[in-house]
Amino acid sequence: MSDTAQPREQWGSRIGLILAMAGNAVGLGNFLRFPRQAVENGGGTFMIPYFIALLIVGLPLMWIEWGVGRHGGLRGQGSTPGMFNALWSHPISKYLGVLGLFMPFVVLVYYCYIESETLAWTFFAAIGSMRGLDQEGMRQFLASYQDLGNPSVHAVWVPFVFYFLTLGINFWVVSKGLSGGIEKLAKIGMPVLFLFAAVLVIRVLTLDAQPVVDAACAAQTACSPSDGLNFMYTPQWSALAEPKVWLAATGQIFFTLSVGMGSLQAYASYLTKKDDLVLSGVATASTNEVAEVVLGGSLAIPAVVTFFGVAGAVSIAKGGSFDLGFIAMPLVFNQLPGGAIITILAGVMWFALLFFAGITSSVSMITPCQSFMQENFGWDKKKALRVIGGVAALLGILHVVYVSRGFLGEWDYWAGTFGLVILALVETIIFVWIFGPKNAWNELHEGAAIRIPAFYRPIITYVTPLFLLVMMIWWTKVEAIPTLMMNGIPEENKPYVIASRLLMLAILVLQLVLIRLAWARKGRKGVA
């Protein structure tokens with residue numbers, strides 16, 4: 001049990017819980033990362049392994065994390081070190097739980113930087129700063145923001161202002177509490193997000209065909225939104241034999257559902273025995289998929305294909321999510337009929353949509369570390385948020401300064417991609433195999449209004465952990481080792497990449513020390 005007498009908060013309503021959980025899942029990846037991954041990996045070809053991974057990994061992990069979180073929360077544990085220890089009394093369990101502190105904190109720091117750019121671009125779109133820019137001008141507009149040594153467009157202080165403002169908004173929301181802050185944000189942010197996305201999708205899908213030199217549209221003299229949708233949902237069956245397509249699809253499922261992060265478990269720790277995990281998990285995953293596939297897939301891809309063609313869209317996607325969201329989409333908006341007002345409105349809605357998607361996810365990343373410090377060291381909420389926010393702000397400065405040197409990319413890969421699979425595999429083994437398949441199945445159905453289909457029992461017990469193990473080994477060989485060896489990284493950036501890794505290692509070691517101190521403190525107080 002926790003050694004603090006402070007009562008744990010509760011969710012204010014079921015709809016607030018679902019929206020908050022969905023907000024945690026629906027993020028920048030739905031509208032930036034998903035279109036890029038889909039375009040870069042063959043469109044419809046990508047969607048087949050994507051849905052397979054959703055059914056045999058994504059949804060089972062969603063249920064597992066809700067089960068792990070509630071089981072720990074009922075025992076006073078709001079973070080994975082305590083949750084894992086509650087499931088498995090072995091001394092190593094709490095140290096394995098460090099992954100659920102490390103991942104959300106590291107991702108929070110760099111995610112807020114990306115999120116701050118969406119806030120900045122919302123402002124720039126509102127004042128018409130990007131109107132009339134061509135592709136090179138748009139690229140320079142972005143490059144000047146991300147490279148402090150290039151003040152050709154933006155003053156050096158501009159990125160810092162938006163970063164600290166974004167970080168401040170995040171911590172202010174969390175300071176208002178579970179129902180008064182996070183839940184209220186979700187009740188406002190999620191409807192606004194869906195409204196803006198729906199309006200933009202309708203406008204994009206009603207665009208007239210545009211003249212494009214593109215072999216994929218050879219039968220026409222122009223490309224239209226339907227060409228983008230055809231590309232999105234027409235698979236090239238032979239491409240399914242390519243490992244990179246499966247790697248990309250599985251990685252997207254992890255990223256989009258926010259599984260393997262540690263934040264879903266923290267949210268679920270505030271549930272009671274009467275709360276339904278099964279239906280709520282399905283509702284959360286379904287809401288995310290509507291946002292990603294129906295809205296995200298029907299927005300950026302058709303828009304970019306219409307104005308740049310399929311070949312152009314693939315070329316843009318290979319340049320990364322920033323090229324797609326911050327260069328290509330504003331160029332699309334500049335070409336919309338209707339003049340300045342339509343350009344400004346579309347730009348504001350697009351970047352505001354991204355900001356709301358980002359902040360409903362990032363506030364959840366604060367919760368694990370906050371809960372850990374409050375429950376294990378007796379800190380009050382203000383002190384916990386003040387310290388965590390201060391450290392995040394200091395580390396964030398490095399991302400603002402060195403983002404163009406690959407600093408952010410390292411954190412994104414090791415904590416935001418590869419690390420998710422490791423935590424997912426660890427928690428699945430602990431919850432399903434060590435806690436026990438029967439106990440896990442019963443835990444998931446405590447208070448459930450519906451039952452998980454029986455065929456999912458062997459999937460959760462055998463298929464999901466085996467799939468995770470294979471993917472981790474596969475990723476290690478295909479991506480992790482080359483990334484570790486810094487293949488393809490320019491020589492001038494390698495010192496920054498090494499420094500980035502050492503800093504992540506220092507964060508991990510510090511968190512392990514804190515776990516050791518927390519359990520020593522519990523031992524002195526006679527707390528199990």
# chains A, B, ... in the order shown; residues from 1 in each chain; ligands from 1

call {"tool": "select_by_dssp", "arguments": {"residues": "stretch 51-160 of chain A", "states": "alpha helix (DSSP H)", "output": "PyMOL selection string"}}
result
chain A and resi 51-53+59-73+80-87+91-96+99-126+135-146+158-160

call {"tool": "residues_around", "arguments": {"residues": "A:Gly12", "least_positions_apart": "5", "cutoff": "9 Å", "atoms": "only C-alpha atoms", "output": "PyMOL selection string"}}
result
chain A and resi 17+178-180+183

call {"tool": "write_last_selection", "arguments": {"atoms": "N, CA, C and O atoms", "output": "PDB file, in the first residue's frame"}}
result
ATOM      1  N   LEU A  17     -14.054   9.998 -18.574  1.00  0.00           N
ATOM      2  CA  LEU A  17     -13.006   8.980 -18.575  1.00  0.00           C
ATOM      3  C   LEU A  17     -12.693   8.538 -19.994  1.00  0.00           C
ATOM      4  O   LEU A  17     -11.514   8.482 -20.394  1.00  0.00           O
ATOM      5  N   LEU A 178      -7.711  15.708 -11.684  1.00  0.00           N
ATOM      6  CA  LEU A 178      -8.167  14.706 -12.641  1.00  0.00           C
ATOM      7  C   LEU A 178      -9.457  15.145 -13.343  1.00  0.00           C
ATOM      8  O   LEU A 178      -9.529  15.211 -14.566  1.00  0.00           O
ATOM      9  N   SER A 179     -10.483  15.462 -12.562  1.00  0.00           N
ATOM     10  CA  SER A 179     -11.766  15.844 -13.162  1.00  0.00           C
ATOM     11  C   SER A 179     -11.812  17.322 -13.527  1.00  0.00           C
ATOM     12  O   SER A 179     -12.420  17.702 -14.529  1.00  0.00           O
ATOM     13  N   GLY A 180     -11.156  18.172 -12.730  1.00  0.00           N
ATOM     14  CA  GLY A 180     -11.204  19.607 -12.972  1.00  0.00           C
ATOM     15  C   GLY A 180     -10.227  20.088 -14.021  1.00  0.00           C
ATOM     16  O   GLY A 180     -10.379  21.192 -14.543  1.00  0.00           O
ATOM     17  N   GLU A 183      -9.875  15.908 -17.292  1.00  0.00           N
ATOM     18  CA  GLU A 183     -11.186  15.526 -17.827  1.00  0.00           C
ATOM     19  C   GLU A 183     -11.865  16.701 -18.520  1.00  0.00           C
ATOM     20  O   GLU A 183     -12.471  16.544 -19.585  1.00  0.00           O
TER      21      GLU A 183
END

call {"tool": "closest_residue", "arguments": {"among": "A:Ala283, A:Leu205, A:Leu54, A:Leu165", "to": "A:Leu19", "atoms": "only C-alpha atoms"}}
result
A:Ala283

call {"tool": "closest_atom_pairs", "arguments": {"of": "stretch 255-312 of chain A", "to": "stretch 370-386 of chain A", "cutoff": "12 Å", "atoms": "only C-alpha atoms", "output": "tab-separated table"}}
result
residue	atom	partner	partner_atom	distance
A:Gly262	CA	A:Ser371	CA	11.6
A:Ser263	CA	A:Ser371	CA	10.7
A:Gln265	CA	A:Ser371	CA	11.3
A:Ala266	CA	A:Ser371	CA	7.9
A:Tyr267	CA	A:Ser371	CA	10.2
A:Ser269	CA	A:Ser371	CA	9.9
A:Tyr270	CA	A:Ser371	CA	10.9

call {"tool": "write_last_selection", "arguments": {"atoms": "all heavy atoms", "output": "PDB file, in the first residue's frame"}}
result
ATOM      1  N   GLY A 262       3.080   3.878 -20.364  1.00  0.00           N
ATOM      2  CA  GLY A 262       2.977   4.072 -18.923  1.00  0.00           C
ATOM      3  C   GLY A 262       1.889   5.047 -18.524  1.00  0.00           C
ATOM      4  O   GLY A 262       1.516   5.124 -17.352  1.00  0.00           O
ATOM      5  N   SER A 263       1.353   5.794 -19.502  1.00  0.00           N
ATOM      6  CA  SER A 263       0.338   6.803 -19.184  1.00  0.00           C
ATOM      7  C   SER A 263      -1.063   6.212 -19.078  1.00  0.00           C
ATOM      8  O   SER A 263      -1.858   6.624 -18.227  1.00  0.00           O
ATOM      9  CB  SER A 263       0.359   7.918 -20.237  1.00  0.00           C
ATOM     10  OG  SER A 263       0.283   7.381 -21.545  1.00  0.00           O
ATOM     11  N   GLN A 265      -1.830   3.246 -18.019  1.00  0.00           N
ATOM     12  CA  GLN A 265      -1.896   2.582 -16.716  1.00  0.00           C
ATOM     13  C   GLN A 265      -2.143   3.593 -15.601  1.00  0.00           C
ATOM     14  O   GLN A 265      -2.893   3.325 -14.657  1.00  0.00           O
ATOM     15  CB  GLN A 265      -0.595   1.821 -16.427  1.00  0.00           C
ATOM     16  CG  GLN A 265      -0.296   0.705 -17.419  1.00  0.00           C
ATOM     17  CD  GLN A 265       0.608   1.179 -18.551  1.00  0.00           C
ATOM     18  OE1 GLN A 265       0.438   2.278 -19.081  1.00  0.00           O
ATOM     19  NE2 GLN A 265       1.568   0.343 -18.934  1.00  0.00           N
ATOM     20  N   ALA A 266      -1.494   4.759 -15.720  1.00  0.00           N
ATOM     21  CA  ALA A 266      -1.665   5.794 -14.697  1.00  0.00           C
ATOM     22  C   ALA A 266      -3.104   6.296 -14.661  1.00  0.00           C
ATOM     23  O   ALA A 266      -3.692   6.478 -13.585  1.00  0.00           O
ATOM     24  CB  ALA A 266      -0.706   6.953 -14.951  1.00  0.00           C
ATOM     25  N   TYR A 267      -3.691   6.524 -15.832  1.00  0.00           N
ATOM     26  CA  TYR A 267      -5.091   6.933 -15.887  1.00  0.00           C
ATOM     27  C   TYR A 267      -6.002   5.849 -15.326  1.00  0.00           C
ATOM     28  O   TYR A 267      -6.952   6.120 -14.585  1.00  0.00           O
ATOM     29  CB  TYR A 267      -5.486   7.222 -17.341  1.00  0.00           C
ATOM     30  CG  TYR A 267      -5.224   8.646 -17.812  1.00  0.00           C
ATOM     31  CD1 TYR A 267      -4.508   9.550 -17.025  1.00  0.00           C
ATOM     32  CD2 TYR A 267      -5.686   9.079 -19.043  1.00  0.00           C
ATOM     33  CE1 TYR A 267      -4.266  10.840 -17.462  1.00  0.00           C
ATOM     34  CE2 TYR A 267      -5.456  10.376 -19.497  1.00  0.00           C
ATOM     35  CZ  TYR A 267      -4.741  11.251 -18.705  1.00  0.00           C
ATOM     36  OH  TYR A 267      -4.510  12.531 -19.148  1.00  0.00           O
ATOM     37  N   SER A 269      -5.404   3.726 -13.129  1.00  0.00           N
ATOM     38  CA  SER A 269      -5.230   3.502 -11.688  1.00  0.00           C
ATOM     39  C   SER A 269      -6.293   4.231 -10.862  1.00  0.00           C
ATOM     40  O   SER A 269      -6.455   3.953  -9.673  1.00  0.00           O
ATOM     41  CB  SER A 269      -3.833   3.964 -11.242  1.00  0.00           C
ATOM     42  OG  SER A 269      -3.722   5.377 -11.261  1.00  0.00           O
ATOM     43  N   TYR A 270      -7.016   5.145 -11.484  1.00  0.00           N
ATOM     44  CA  TYR A 270      -8.067   5.883 -10.778  1.00  0.00           C
ATOM     45  C   TYR A 270      -9.446   5.237 -10.956  1.00  0.00           C
ATOM     46  O   TYR A 270     -10.456   5.809 -10.554  1.00  0.00           O
ATOM     47  CB  TYR A 270      -8.108   7.332 -11.268  1.00  0.00           C
ATOM     48  CG  TYR A 270      -6.831   8.094 -10.974  1.00  0.00           C
ATOM     49  CD1 TYR A 270      -5.881   8.318 -11.967  1.00  0.00           C
ATOM     50  CD2 TYR A 270      -6.561   8.553  -9.685  1.00  0.00           C
ATOM     51  CE1 TYR A 270      -4.698   8.998 -11.693  1.00  0.00           C
ATOM     52  CE2 TYR A 270      -5.379   9.229  -9.405  1.00  0.00           C
ATOM     53  CZ  TYR A 270      -4.453   9.448 -10.414  1.00  0.00           C
ATOM     54  OH  TYR A 270      -3.284  10.104 -10.137  1.00  0.00           O
TER      55      TYR A 270
END

call {"tool": "residues_around", "arguments": {"residues": "A:Arg33", "least_positions_apart": "4", "cutoff": "9 Å", "atoms": "only C-alpha atoms", "output": "PyMOL selection string"}}
result
chain A and resi 28-29+37-38+252+255-256+320-321

call {"tool": "residues_around", "arguments": {"residues": "A:Ile489", "least_positions_apart": "6", "cutoff": "12 Å", "atoms": "only C-alpha atoms", "output": "PyMOL selection string"}}
result
chain A and resi 405-407+409-410+482-483+495-498

call {"tool": "closest_atom_pairs", "arguments": {"of": "stretch 389-438 of chain A", "to": "stretch 87-94 of chain A", "cutoff": "8 Å", "atoms": "only C-alpha atoms", "output": "JSON lines"}}
result
{"residue": "A:Ile430", "atom": "CA", "partner": "A:Trp88", "partner_atom": "CA", "distance": 7.0}
{"residue": "A:Phe431", "atom": "CA", "partner": "A:Leu87", "partner_atom": "CA", "distance": 6.8}
{"residue": "A:Ile434", "atom": "CA", "partner": "A:Trp88", "partner_atom": "CA", "distance": 6.8}
{"residue": "A:Phe435", "atom": "CA", "partner": "A:Leu87", "partner_atom": "CA", "distance": 5.7}

call {"tool": "closest_residue", "arguments": {"among": "A:Val387, A:Leu229, A:Met349, A:Val259", "to": "A:Met62", "atoms": "only C-alpha atoms"}}
result
A:Val259

call {"tool": "closest_residue", "arguments": {"among": "A:Leu444, A:Leu508, A:Cys369, A:Ala346", "to": "A:Gly82", "atoms": "only C-alpha atoms"}}
result
A:Cys369

call {"tool": "residues_around", "arguments": {"residues": "A:Gly128", "least_positions_apart": "6", "cutoff": "12 Å", "atoms": "only C-alpha atoms", "output": "PyMOL selection string"}}
result
chain A and resi 121-122+330+333-334+339-348

call {"tool": "residues_around", "arguments": {"residues": "A:His399", "least_positions_apart": "5", "cutoff": "8 Å", "atoms": "only C-alpha atoms", "output": "list in words"}}
result
Tyr110, Tyr113, Phe407 and Leu408 of chain A

call {"tool": "atom_distance", "arguments": {"atom1": "atom CA of A:Val68", "atom2": "atom CA of A:Leu512"}}
result
20.4 Å

call {"tool": "closest_residue", "arguments": {"among": "A:Pro437, A:Gly44, A:Gly281, A:Gly325", "to": "A:Pro235", "atoms": "only C-alpha atoms"}}
result
A:Gly44

call {"tool": "decode", "arguments": {"residues": "stretch 161-175 of chain A", "atoms": "N, CA and C atoms", "output": "CSV table (one decimal), in the first residue's frame"}}
result
chain,number,residue,atom,x,y,z
A,161,VAL,N,9.7,30.9,-26.5
A,161,VAL,CA,8.4,31.4,-26.0
A,161,VAL,C,7.3,30.4,-26.2
A,162,PHE,N,7.2,29.8,-27.3
A,162,PHE,CA,6.1,28.9,-27.6
A,162,PHE,C,6.3,27.6,-26.8
A,163,TYR,N,7.6,27.2,-26.6
A,163,TYR,CA,7.9,25.9,-25.9
A,163,TYR,C,7.5,26.1,-24.4
A,164,PHE,N,7.9,27.2,-23.8
A,164,PHE,CA,7.6,27.4,-22.4
A,164,PHE,C,6.1,27.6,-22.2
A,165,LEU,N,5.5,28.3,-23.1
A,165,LEU,CA,4.0,28.5,-23.1
A,165,LEU,C,3.3,27.2,-23.1
A,166,THR,N,3.7,26.3,-24.0
A,166,THR,CA,3.1,25.0,-24.2
A,166,THR,C,3.3,24.1,-22.9
A,167,LEU,N,4.5,24.1,-22.5
A,167,LEU,CA,4.8,23.3,-21.3
A,167,LEU,C,4.0,23.9,-20.1
A,168,GLY,N,3.9,25.2,-20.0
A,168,GLY,CA,3.1,25.8,-18.9
A,168,GLY,C,1.6,25.4,-18.9
A,169,ILE,N,1.1,25.4,-20.1
A,169,ILE,CA,-0.4,25.1,-20.3
A,169,ILE,C,-0.6,23.6,-19.8
A,170,ASN,N,0.3,22.7,-20.2
A,170,ASN,CA,0.2,21.3,-19.8
A,170,ASN,C,0.2,21.2,-18.3
A,171,PHE,N,1.1,21.8,-17.6
A,171,PHE,CA,1.2,21.6,-16.2
A,171,PHE,C,0.1,22.3,-15.5
A,172,TRP,N,-0.4,23.4,-16.1
A,172,TRP,CA,-1.5,24.1,-15.5
A,172,TRP,C,-2.7,23.2,-15.5
A,173,VAL,N,-3.0,22.6,-16.6
A,173,VAL,CA,-4.1,21.7,-16.8
A,173,VAL,C,-4.1,20.6,-15.7
A,174,VAL,N,-2.9,19.9,-15.6
A,174,VAL,CA,-2.7,18.8,-14.7
A,174,VAL,C,-2.9,19.3,-13.2
A,175,SER,N,-2.5,20.5,-12.9
A,175,SER,CA,-2.6,21.1,-11.6
A,175,SER,C,-4.0,21.2,-11.1
